[in-house]
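What follows is the content of upload.txt (compact mmCIF, C-alpha atoms).
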```
# COMPACT_ATOMS: atom_id res chain seq x y z
CA GLU A 1 0.00 0.00 0.00
CA ALA A 2 1.30 3.44 -0.97
CA GLN A 3 1.80 5.50 2.13
CA VAL A 4 3.63 8.24 3.96
CA THR A 5 4.43 7.26 7.53
CA GLN A 6 5.17 9.75 10.27
CA ASN A 7 6.38 9.02 13.78
CA PRO A 8 5.53 9.79 16.45
CA ARG A 9 1.85 10.65 16.02
CA TYR A 10 1.75 12.53 19.30
CA LEU A 11 4.50 14.02 21.44
CA ILE A 12 4.53 16.22 24.51
CA THR A 13 7.95 17.58 25.40
CA VAL A 14 9.67 20.51 27.04
CA THR A 15 11.38 23.62 25.75
CA GLY A 16 14.91 23.04 24.55
CA LYS A 17 14.88 19.26 24.35
CA LYS A 18 15.92 18.24 20.84
CA LEU A 19 13.45 16.10 18.95
CA THR A 20 13.11 14.46 15.57
CA VAL A 21 9.95 13.61 13.69
CA THR A 22 10.53 10.92 11.11
CA CYS A 23 8.85 10.67 7.72
CA SER A 24 9.13 7.77 5.32
CA GLN A 25 7.43 7.11 1.97
CA ASN A 26 7.33 3.89 -0.05
CA MET A 27 6.41 5.36 -3.44
CA ASN A 28 9.89 6.31 -4.67
CA HIS A 29 8.80 9.94 -4.81
CA GLU A 30 11.44 12.56 -5.50
CA TYR A 31 9.70 15.49 -3.84
CA MET A 32 8.99 15.63 -0.10
CA SER A 33 7.72 18.44 2.10
CA TRP A 34 7.02 19.32 5.69
CA TYR A 35 4.06 21.50 6.65
CA ARG A 36 2.70 22.81 9.89
CA GLN A 37 -1.02 23.35 10.36
CA ASP A 38 -2.30 25.98 12.76
CA PRO A 39 -5.93 27.09 13.29
CA GLY A 40 -6.90 29.83 10.87
CA LEU A 41 -3.59 29.65 9.01
CA GLY A 42 -4.03 26.53 6.94
CA LEU A 43 -0.91 24.59 5.96
CA ARG A 44 2.38 26.42 5.75
CA GLN A 45 5.44 24.83 4.20
CA ILE A 46 8.47 24.50 6.46
CA TYR A 47 11.04 22.79 4.22
CA TYR A 48 11.00 20.78 1.05
CA SER A 49 13.31 18.48 -0.82
CA MET A 50 13.40 17.90 -4.55
CA ASN A 51 15.63 14.84 -4.29
CA VAL A 52 18.39 13.23 -2.23
CA GLU A 53 20.75 15.82 -0.73
CA VAL A 54 18.64 18.68 -2.17
CA THR A 55 16.65 20.66 0.40
CA ASP A 56 15.34 24.21 0.56
CA LYS A 57 13.42 26.51 2.88
CA GLY A 58 9.70 26.93 2.67
CA ASP A 59 7.67 29.77 4.15
CA VAL A 60 8.35 29.15 7.86
CA PRO A 61 11.76 27.44 8.24
CA GLU A 62 12.97 29.19 11.41
CA GLY A 63 13.72 26.77 14.22
CA TYR A 64 13.67 23.66 12.03
CA LYS A 65 16.21 21.53 10.19
CA VAL A 66 15.80 18.71 7.70
CA SER A 67 17.97 16.20 5.92
CA ARG A 68 17.51 13.96 2.88
CA LYS A 69 20.17 11.28 2.90
CA GLU A 70 17.90 8.65 1.38
CA LYS A 71 15.09 9.05 -1.07
CA ARG A 72 12.46 7.50 1.17
CA ASN A 73 13.22 9.43 4.40
CA PHE A 74 12.86 13.11 5.25
CA PRO A 75 13.17 13.74 9.01
CA LEU A 76 12.22 17.05 10.62
CA ILE A 77 14.53 18.15 13.41
CA LEU A 78 13.79 20.67 16.13
CA GLU A 79 17.16 21.40 17.74
CA SER A 80 15.78 23.56 20.56
CA PRO A 81 11.99 23.42 20.52
CA SER A 82 9.98 26.37 21.81
CA PRO A 83 6.28 26.69 22.69
CA ASN A 84 5.52 28.53 19.43
CA GLN A 85 6.37 25.32 17.60
CA THR A 86 3.41 23.58 19.18
CA SER A 87 1.44 22.55 16.14
CA LEU A 88 0.18 19.77 13.92
CA TYR A 89 2.84 18.68 11.43
CA PHE A 90 2.38 16.90 8.11
CA CYS A 91 4.86 15.26 5.81
CA ALA A 92 3.95 14.88 2.15
CA SER A 93 5.51 13.39 -0.96
CA ARG A 94 4.86 13.48 -4.68
CA THR A 95 6.39 12.86 -8.06
CA GLY A 96 6.37 15.40 -10.86
CA VAL A 97 3.15 17.35 -11.05
CA GLN A 98 1.07 14.68 -9.38
CA PRO A 99 -0.85 15.60 -6.21
CA GLN A 100 0.83 15.11 -2.88
CA HIS A 101 0.33 12.14 -0.60
CA PHE A 102 0.11 13.15 3.05
CA GLY A 103 0.99 11.36 6.25
CA ASP A 104 -1.48 11.19 9.12
CA GLY A 105 0.17 14.01 11.03
CA THR A 106 2.19 14.51 14.18
CA ARG A 107 0.76 16.58 16.99
CA LEU A 108 3.56 18.27 18.93
CA SER A 109 3.03 20.03 22.25
CA ILE A 110 6.03 21.92 23.61
CA LEU A 111 5.69 23.09 27.19
CA ALA B 1 3.74 34.82 -6.25
CA GLN B 2 0.79 32.51 -5.98
CA SER B 3 -1.90 32.66 -3.33
CA VAL B 4 -5.25 31.14 -2.42
CA THR B 5 -8.23 32.73 -0.67
CA GLN B 6 -11.00 30.60 0.77
CA LEU B 7 -14.07 32.63 1.62
CA GLY B 8 -15.66 31.52 4.86
CA SER B 9 -13.73 29.63 7.50
CA HIS B 10 -16.96 27.88 8.57
CA VAL B 11 -19.89 26.84 6.39
CA SER B 12 -23.05 25.12 7.62
CA VAL B 13 -25.54 23.34 5.38
CA SER B 14 -28.51 21.11 6.01
CA GLU B 15 -28.30 17.46 5.06
CA GLY B 16 -29.44 17.17 1.45
CA ALA B 17 -28.71 20.80 0.62
CA LEU B 18 -26.21 22.10 -1.91
CA VAL B 19 -22.62 22.42 -0.74
CA LEU B 20 -20.66 25.39 -2.12
CA LEU B 21 -17.15 26.12 -0.87
CA ARG B 22 -15.45 29.10 -2.43
CA CYS B 23 -11.84 29.36 -3.58
CA ASN B 24 -10.12 32.17 -5.46
CA TYR B 25 -6.51 31.97 -6.53
CA SER B 26 -3.76 34.18 -7.80
CA SER B 27 -1.04 32.89 -10.09
CA SER B 28 1.27 34.51 -12.60
CA VAL B 29 1.22 31.44 -14.87
CA PRO B 30 -1.45 28.86 -15.69
CA PRO B 31 -2.23 27.15 -12.41
CA TYR B 32 -2.77 23.65 -11.22
CA LEU B 33 -5.59 23.63 -8.67
CA PHE B 34 -6.51 21.11 -6.00
CA TRP B 35 -9.12 20.48 -3.35
CA TYR B 36 -8.20 18.37 -0.35
CA VAL B 37 -10.39 17.12 2.49
CA GLN B 38 -9.27 16.53 6.07
CA TYR B 39 -11.32 14.43 8.43
CA PRO B 40 -10.66 14.75 12.18
CA ASN B 41 -7.32 13.32 13.27
CA GLN B 42 -6.35 12.42 9.73
CA GLY B 43 -4.12 13.74 7.00
CA LEU B 44 -5.26 15.41 3.82
CA GLN B 45 -6.88 13.41 1.04
CA LEU B 46 -7.14 14.61 -2.53
CA LEU B 47 -10.73 15.27 -3.63
CA LEU B 48 -10.01 16.50 -7.14
CA LYS B 49 -7.51 18.37 -9.26
CA TYR B 50 -7.42 20.60 -12.31
CA THR B 51 -4.34 20.68 -14.50
CA THR B 52 -5.37 21.28 -18.10
CA GLY B 53 -8.30 20.48 -20.38
CA ALA B 54 -11.90 20.26 -19.21
CA THR B 55 -12.69 23.02 -16.76
CA LEU B 56 -15.35 21.05 -14.89
CA VAL B 57 -13.57 18.49 -12.77
CA LYS B 58 -15.26 15.62 -10.99
CA GLY B 59 -13.79 14.13 -7.87
CA ILE B 60 -14.52 11.54 -5.25
CA ASN B 61 -17.61 11.39 -3.04
CA GLY B 62 -19.77 13.31 -5.53
CA PHE B 63 -17.78 16.55 -5.40
CA GLU B 64 -16.92 18.65 -8.41
CA ALA B 65 -15.25 21.97 -9.11
CA GLU B 66 -15.13 24.33 -12.04
CA PHE B 67 -12.06 26.26 -13.11
CA LYS B 68 -13.05 29.77 -14.20
CA LYS B 69 -10.05 31.64 -15.47
CA SER B 70 -11.89 34.94 -15.93
CA GLU B 71 -12.98 34.88 -12.29
CA THR B 72 -9.77 33.22 -10.97
CA SER B 73 -12.00 30.85 -9.10
CA PHE B 74 -12.17 27.12 -8.39
CA HIS B 75 -15.26 26.64 -6.24
CA LEU B 76 -16.14 23.22 -4.87
CA THR B 77 -19.72 21.96 -5.06
CA LYS B 78 -21.80 18.93 -4.21
CA PRO B 79 -25.52 18.76 -5.04
CA SER B 80 -26.63 17.07 -1.83
CA ALA B 81 -24.73 17.12 1.45
CA HIS B 82 -24.33 14.00 3.56
CA MET B 83 -23.47 13.86 7.22
CA SER B 84 -20.21 12.15 6.26
CA ASP B 85 -19.13 15.29 4.36
CA ALA B 86 -18.48 17.14 7.61
CA ALA B 87 -14.76 17.89 7.49
CA GLU B 88 -12.28 20.64 6.72
CA TYR B 89 -11.62 21.43 3.08
CA PHE B 90 -8.50 23.02 1.65
CA CYS B 91 -8.00 24.61 -1.74
CA ALA B 92 -4.45 24.67 -3.10
CA VAL B 93 -2.65 26.13 -6.09
CA SER B 94 0.57 25.24 -7.86
CA GLU B 95 2.16 26.90 -10.84
CA SER B 96 2.08 24.52 -13.77
CA GLY B 97 5.08 22.47 -14.70
CA GLY B 98 7.80 20.69 -12.79
CA TYR B 99 8.24 20.54 -9.06
CA GLN B 100 6.52 23.77 -8.25
CA LYS B 101 5.57 24.82 -4.74
CA VAL B 102 2.00 24.16 -3.58
CA THR B 103 0.28 26.94 -1.65
CA PHE B 104 -2.72 26.11 0.52
CA GLY B 105 -5.69 28.20 1.56
CA THR B 106 -6.62 28.60 5.20
CA GLY B 107 -9.35 25.99 5.03
CA THR B 108 -13.14 25.86 5.36
CA LYS B 109 -14.83 23.71 7.98
CA LEU B 110 -18.05 22.24 6.70
CA GLN B 111 -20.79 21.43 9.20
CA VAL B 112 -23.74 19.32 8.04
CA ILE B 113 -26.90 19.76 10.07
CA PRO B 114 -29.31 16.82 10.26
```
For this file, write the structure as structure tokens.
Amino acid sequence: EAQVTQNPRYLITVTGKKLTVTCSQNMNHEYMSWYRQDPGLGLRQIYYSMNVEVTDKGDVPEGYKVSRKEKRNFPLILESPSPNQTSLYFCASRTGVQPQHFGDGTRLSIL
Amino acid sequence: AQSVTQLGSHVSVSEGALVLLRCNYSSSVPPYLFWYVQYPNQGLQLLLKYTTGATLVKGINGFEAEFKKSETSFHLTKPSAHMSDAAEYFCAVSESGGYQKVTFGTGTKLQVIP
């Protein structure tokens, strides 16, 4: 089954404690993205990657890092999380101009 | 730069009534347009997409949308609402060609009243 898998689905943590949200896709897609979803703001792109070792900033990259060492994986790293990064996060992948496939989301609460 | 405006953050309809969710876009080149649906505690699922060709696009679950270039609109409709249609709906735009960025609207929550 074609899917984008995110882990964890839920996480409550404290300010400053580094965390990583993993994202993996099994469709051999070149393009992967991270979004955050906040009430009234829709989805905003954090980072994207057009292929292995190629990443670029989206609209709201501050406080986040990503890496793309393998085609299937695109982890999102919060080196020093802060409360304003409390949000619902989605990973997505696609190929060419096809629509994106989304993961089920990761709800992060940073206290 | 591209952008999407969804009019109405909340829309309520009676079961069996017409559903109309509005989306206007801005794009400097011919756009690709999408509607996604998000059910509670789930990711986004594609409802339908417009790339080129026929301007009336049919999607899943009885939804359709019409691309109107002159009005820069891509409104989503369904003739008869079902309780199961209650969800949040997102319109999105991408500039045509290649790995272009996708920009999402702020979403419209649809409530269906029995």
Q.
Which residues are near segment 63-72 of chain A? Cut-off 12 Å, all atoms listed in the file, ignore same chain within fewer than 3 positions. Put them as number ranges by chain.
A. A: 3-6, 16, 18-36, 45-60, 75-86, 89, 91-95
If I put a ball of radius 8 Å at (-28.7, 20.8, -6.0) in the file's coordinates, which residues poke into it when counting all atoms listed in the file, written as a JSON list (two decimals) with C-alpha atoms, in the frame of the given file?
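As written to disk, point_17.json reads:
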```
[["chain", "number", "residue", "atom", "x", "y", "z"],
["B", 17, "ALA", "CA", -28.71, 20.80, 0.62],
["B", 18, "LEU", "CA", -26.21, 22.10, -1.91],
["B", 78, "LYS", "CA", -21.80, 18.93, -4.21],
["B", 79, "PRO", "CA", -25.52, 18.76, -5.04],
["B", 80, "SER", "CA", -26.63, 17.07, -1.83]]
```
**Q.** Selected residue of minimal separation from Trp35 of chain B among B:Leu56, B:Ala92, B:Val11, B:Leu20, counting all atoms listed in the file
**A.** B:Ala92
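Interatomic distance, atom CA of Gly105 of chain B against atom CA of Arg9 of chain A: 24.0 Å.
Reported to one decimal place, the separation of atom CA of Asn24 of chain B from atom CA of Val4 of chain B is 5.8 Å.
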Q. Of the candidates B:Thr77, B:Ser27, B:Ser12, B:Thr106, which shows the shortest atom-to-atom distance to Lys58 of chain B, using only C-alpha atoms?
A. B:Thr77
Tell me the residues of chain A close to chain B, meaning within 7 Å using all atoms listed in the file, as a compact mmCIF listing (two decimals) with C-alpha atoms, in the frame of the given file.
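Ended up saving to iface_39.txt:
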```
# COMPACT_ATOMS: atom_id res chain seq x y z
CA GLY A 40 -6.90 29.83 10.87
CA LEU A 41 -3.59 29.65 9.01
CA GLY A 42 -4.03 26.53 6.94
CA LEU A 43 -0.91 24.59 5.96
CA GLY A 96 6.37 15.40 -10.86
CA VAL A 97 3.15 17.35 -11.05
CA PHE A 102 0.11 13.15 3.05
CA GLY A 103 0.99 11.36 6.25
CA ASP A 104 -1.48 11.19 9.12
CA GLY A 105 0.17 14.01 11.03
```
(Q) With distances taken over all atoms listed in the file, which residue among A:Thr15, A:Gln98, A:Ser87, A:Asn7 lies nearest Leu111 of chain A? (A) A:Thr15
(Q) One decimal, in Å: what's the spacing between atom CA of Ala2 of chain A and atom CA of Pro99 of chain A? (A) 13.4 Å
Q) Skipping near chain neighbours, those fewer than 4 positions away, what residues fall within 9 Å of segment 81-85 of chain B using all atoms listed in the file, listed as a PyMOL selection string? A) chain B and resi 13-19+39+61+110-114
Q: Considering all atoms listed in the file, state which residue in the set A:Asn73, A:Thr106, A:Arg44, A:Gln37 is at the smallest distance from Ser3 of chain B.
A: A:Arg44
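Near Thr55 of chain B, within 9 Å and counting all atoms listed in the file, sit Tyr50, Thr51, Ala65, Glu66, Phe67 and Lys68 of chain B; same-chain residues fewer than 4 positions away were not included.
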**Q.** Minimum-distance residue to Arg22 of chain B, chosen among B:Leu76, B:Ala54, B:Val37, B:Ile60 (using all atoms listed in the file)
**A.** B:Leu76
Kindly output segment 32-43 of chain A as a PDB file, in the coordinates of the input, after building all heavy atoms.
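Result saved to out.pdb:
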```
ATOM      1  N   MET A  32       9.580  15.769  -1.430  1.00  0.00           N
ATOM      2  CA  MET A  32       8.990  15.630  -0.100  1.00  0.00           C
ATOM      3  C   MET A  32       8.950  16.986   0.583  1.00  0.00           C
ATOM      4  O   MET A  32       9.788  17.855   0.316  1.00  0.00           O
ATOM      5  CB  MET A  32       9.786  14.629   0.753  1.00  0.00           C
ATOM      6  CG  MET A  32       9.798  13.217   0.166  1.00  0.00           C
ATOM      7  SD  MET A  32      10.601  11.994   1.209  1.00  0.00           S
ATOM      8  CE  MET A  32       9.376  11.773   2.517  1.00  0.00           C
ATOM      9  N   SER A  33       7.943  17.160   1.427  1.00  0.00           N
ATOM     10  CA  SER A  33       7.720  18.440   2.100  1.00  0.00           C
ATOM     11  C   SER A  33       7.312  18.225   3.539  1.00  0.00           C
ATOM     12  O   SER A  33       6.718  17.193   3.869  1.00  0.00           O
ATOM     13  CB  SER A  33       6.582  19.221   1.436  1.00  0.00           C
ATOM     14  OG  SER A  33       6.955  19.790   0.226  1.00  0.00           O
ATOM     15  N   TRP A  34       7.572  19.236   4.349  1.00  0.00           N
ATOM     16  CA  TRP A  34       7.020  19.320   5.690  1.00  0.00           C
ATOM     17  C   TRP A  34       6.155  20.568   5.792  1.00  0.00           C
ATOM     18  O   TRP A  34       6.542  21.648   5.327  1.00  0.00           O
ATOM     19  CB  TRP A  34       8.112  19.399   6.753  1.00  0.00           C
ATOM     20  CG  TRP A  34       8.642  18.071   7.170  1.00  0.00           C
ATOM     21  CD1 TRP A  34       9.823  17.505   6.813  1.00  0.00           C
ATOM     22  CD2 TRP A  34       7.998  17.141   8.037  1.00  0.00           C
ATOM     23  NE1 TRP A  34       9.947  16.270   7.402  1.00  0.00           N
ATOM     24  CE2 TRP A  34       8.838  16.027   8.163  1.00  0.00           C
ATOM     25  CE3 TRP A  34       6.775  17.143   8.732  1.00  0.00           C
ATOM     26  CZ2 TRP A  34       8.520  14.917   8.948  1.00  0.00           C
ATOM     27  CZ3 TRP A  34       6.455  16.047   9.513  1.00  0.00           C
ATOM     28  CH2 TRP A  34       7.315  14.948   9.616  1.00  0.00           C
ATOM     29  N   TYR A  35       4.983  20.399   6.414  1.00  0.00           N
ATOM     30  CA  TYR A  35       4.060  21.500   6.650  1.00  0.00           C
ATOM     31  C   TYR A  35       3.710  21.527   8.134  1.00  0.00           C
ATOM     32  O   TYR A  35       3.716  20.509   8.807  1.00  0.00           O
ATOM     33  CB  TYR A  35       2.753  21.311   5.877  1.00  0.00           C
ATOM     34  CG  TYR A  35       2.877  21.324   4.381  1.00  0.00           C
ATOM     35  CD1 TYR A  35       3.145  20.158   3.673  1.00  0.00           C
ATOM     36  CD2 TYR A  35       2.707  22.506   3.669  1.00  0.00           C
ATOM     37  CE1 TYR A  35       3.241  20.168   2.284  1.00  0.00           C
ATOM     38  CE2 TYR A  35       2.800  22.529   2.276  1.00  0.00           C
ATOM     39  CZ  TYR A  35       3.062  21.355   1.607  1.00  0.00           C
ATOM     40  OH  TYR A  35       3.146  21.368   0.233  1.00  0.00           O
ATOM     41  N   ARG A  36       3.345  22.711   8.592  1.00  0.00           N
ATOM     42  CA  ARG A  36       2.700  22.810   9.890  1.00  0.00           C
ATOM     43  C   ARG A  36       1.301  23.396   9.676  1.00  0.00           C
ATOM     44  O   ARG A  36       1.096  24.237   8.794  1.00  0.00           O
ATOM     45  CB  ARG A  36       3.501  23.646  10.876  1.00  0.00           C
ATOM     46  CG  ARG A  36       3.765  25.076  10.526  1.00  0.00           C
ATOM     47  CD  ARG A  36       4.526  25.797  11.639  1.00  0.00           C
ATOM     48  NE  ARG A  36       3.699  26.033  12.832  1.00  0.00           N
ATOM     49  CZ  ARG A  36       4.156  26.533  13.979  1.00  0.00           C
ATOM     50  NH1 ARG A  36       5.442  26.842  14.102  1.00  0.00           N
ATOM     51  NH2 ARG A  36       3.361  26.722  14.999  1.00  0.00           N
ATOM     52  N   GLN A  37       0.365  22.897  10.465  1.00  0.00           N
ATOM     53  CA  GLN A  37      -1.020  23.350  10.360  1.00  0.00           C
ATOM     54  C   GLN A  37      -1.440  23.990  11.667  1.00  0.00           C
ATOM     55  O   GLN A  37      -1.379  23.351  12.721  1.00  0.00           O
ATOM     56  CB  GLN A  37      -1.959  22.179  10.039  1.00  0.00           C
ATOM     57  CG  GLN A  37      -3.406  22.606   9.851  1.00  0.00           C
ATOM     58  CD  GLN A  37      -4.320  21.430   9.549  1.00  0.00           C
ATOM     59  OE1 GLN A  37      -3.935  20.275   9.584  1.00  0.00           O
ATOM     60  NE2 GLN A  37      -5.567  21.741   9.234  1.00  0.00           N
ATOM     61  N   ASP A  38      -1.853  25.231  11.593  1.00  0.00           N
ATOM     62  CA  ASP A  38      -2.300  25.980  12.760  1.00  0.00           C
ATOM     63  C   ASP A  38      -3.690  26.536  12.480  1.00  0.00           C
ATOM     64  O   ASP A  38      -3.985  26.926  11.337  1.00  0.00           O
ATOM     65  CB  ASP A  38      -1.317  27.100  13.080  1.00  0.00           C
ATOM     66  CG  ASP A  38       0.080  26.582  13.354  1.00  0.00           C
ATOM     67  OD1 ASP A  38       0.269  25.958  14.413  1.00  0.00           O
ATOM     68  OD2 ASP A  38       0.979  26.768  12.506  1.00  0.00           O
ATOM     69  N   PRO A  39      -4.545  26.604  13.497  1.00  0.00           N
ATOM     70  CA  PRO A  39      -5.930  27.090  13.290  1.00  0.00           C
ATOM     71  C   PRO A  39      -5.954  28.454  12.616  1.00  0.00           C
ATOM     72  O   PRO A  39      -5.278  29.388  13.043  1.00  0.00           O
ATOM     73  CB  PRO A  39      -6.467  27.152  14.717  1.00  0.00           C
ATOM     74  CG  PRO A  39      -5.671  26.149  15.471  1.00  0.00           C
ATOM     75  CD  PRO A  39      -4.295  26.202  14.879  1.00  0.00           C
ATOM     76  N   GLY A  40      -6.749  28.559  11.569  1.00  0.00           N
ATOM     77  CA  GLY A  40      -6.900  29.830  10.870  1.00  0.00           C
ATOM     78  C   GLY A  40      -5.794  30.176   9.904  1.00  0.00           C
ATOM     79  O   GLY A  40      -5.884  31.169   9.181  1.00  0.00           O
ATOM     80  N   LEU A  41      -4.741  29.355   9.880  1.00  0.00           N
ATOM     81  CA  LEU A  41      -3.590  29.650   9.010  1.00  0.00           C
ATOM     82  C   LEU A  41      -3.406  28.611   7.923  1.00  0.00           C
ATOM     83  O   LEU A  41      -2.536  28.770   7.055  1.00  0.00           O
ATOM     84  CB  LEU A  41      -2.308  29.751   9.846  1.00  0.00           C
ATOM     85  CG  LEU A  41      -2.280  30.876  10.879  1.00  0.00           C
ATOM     86  CD1 LEU A  41      -0.977  30.824  11.677  1.00  0.00           C
ATOM     87  CD2 LEU A  41      -2.440  32.242  10.217  1.00  0.00           C
ATOM     88  N   GLY A  42      -4.169  27.565   7.951  1.00  0.00           N
ATOM     89  CA  GLY A  42      -4.030  26.530   6.940  1.00  0.00           C
ATOM     90  C   GLY A  42      -2.709  25.791   7.079  1.00  0.00           C
ATOM     91  O   GLY A  42      -2.146  25.682   8.174  1.00  0.00           O
ATOM     92  N   LEU A  43      -2.196  25.286   5.974  1.00  0.00           N
ATOM     93  CA  LEU A  43      -0.910  24.590   5.960  1.00  0.00           C
ATOM     94  C   LEU A  43       0.161  25.523   5.440  1.00  0.00           C
ATOM     95  O   LEU A  43       0.008  26.132   4.380  1.00  0.00           O
ATOM     96  CB  LEU A  43      -0.965  23.358   5.066  1.00  0.00           C
ATOM     97  CG  LEU A  43      -1.534  22.097   5.678  1.00  0.00           C
ATOM     98  CD1 LEU A  43      -3.040  22.164   5.737  1.00  0.00           C
ATOM     99  CD2 LEU A  43      -1.087  20.875   4.886  1.00  0.00           C
TER     100      LEU A  43
END
```
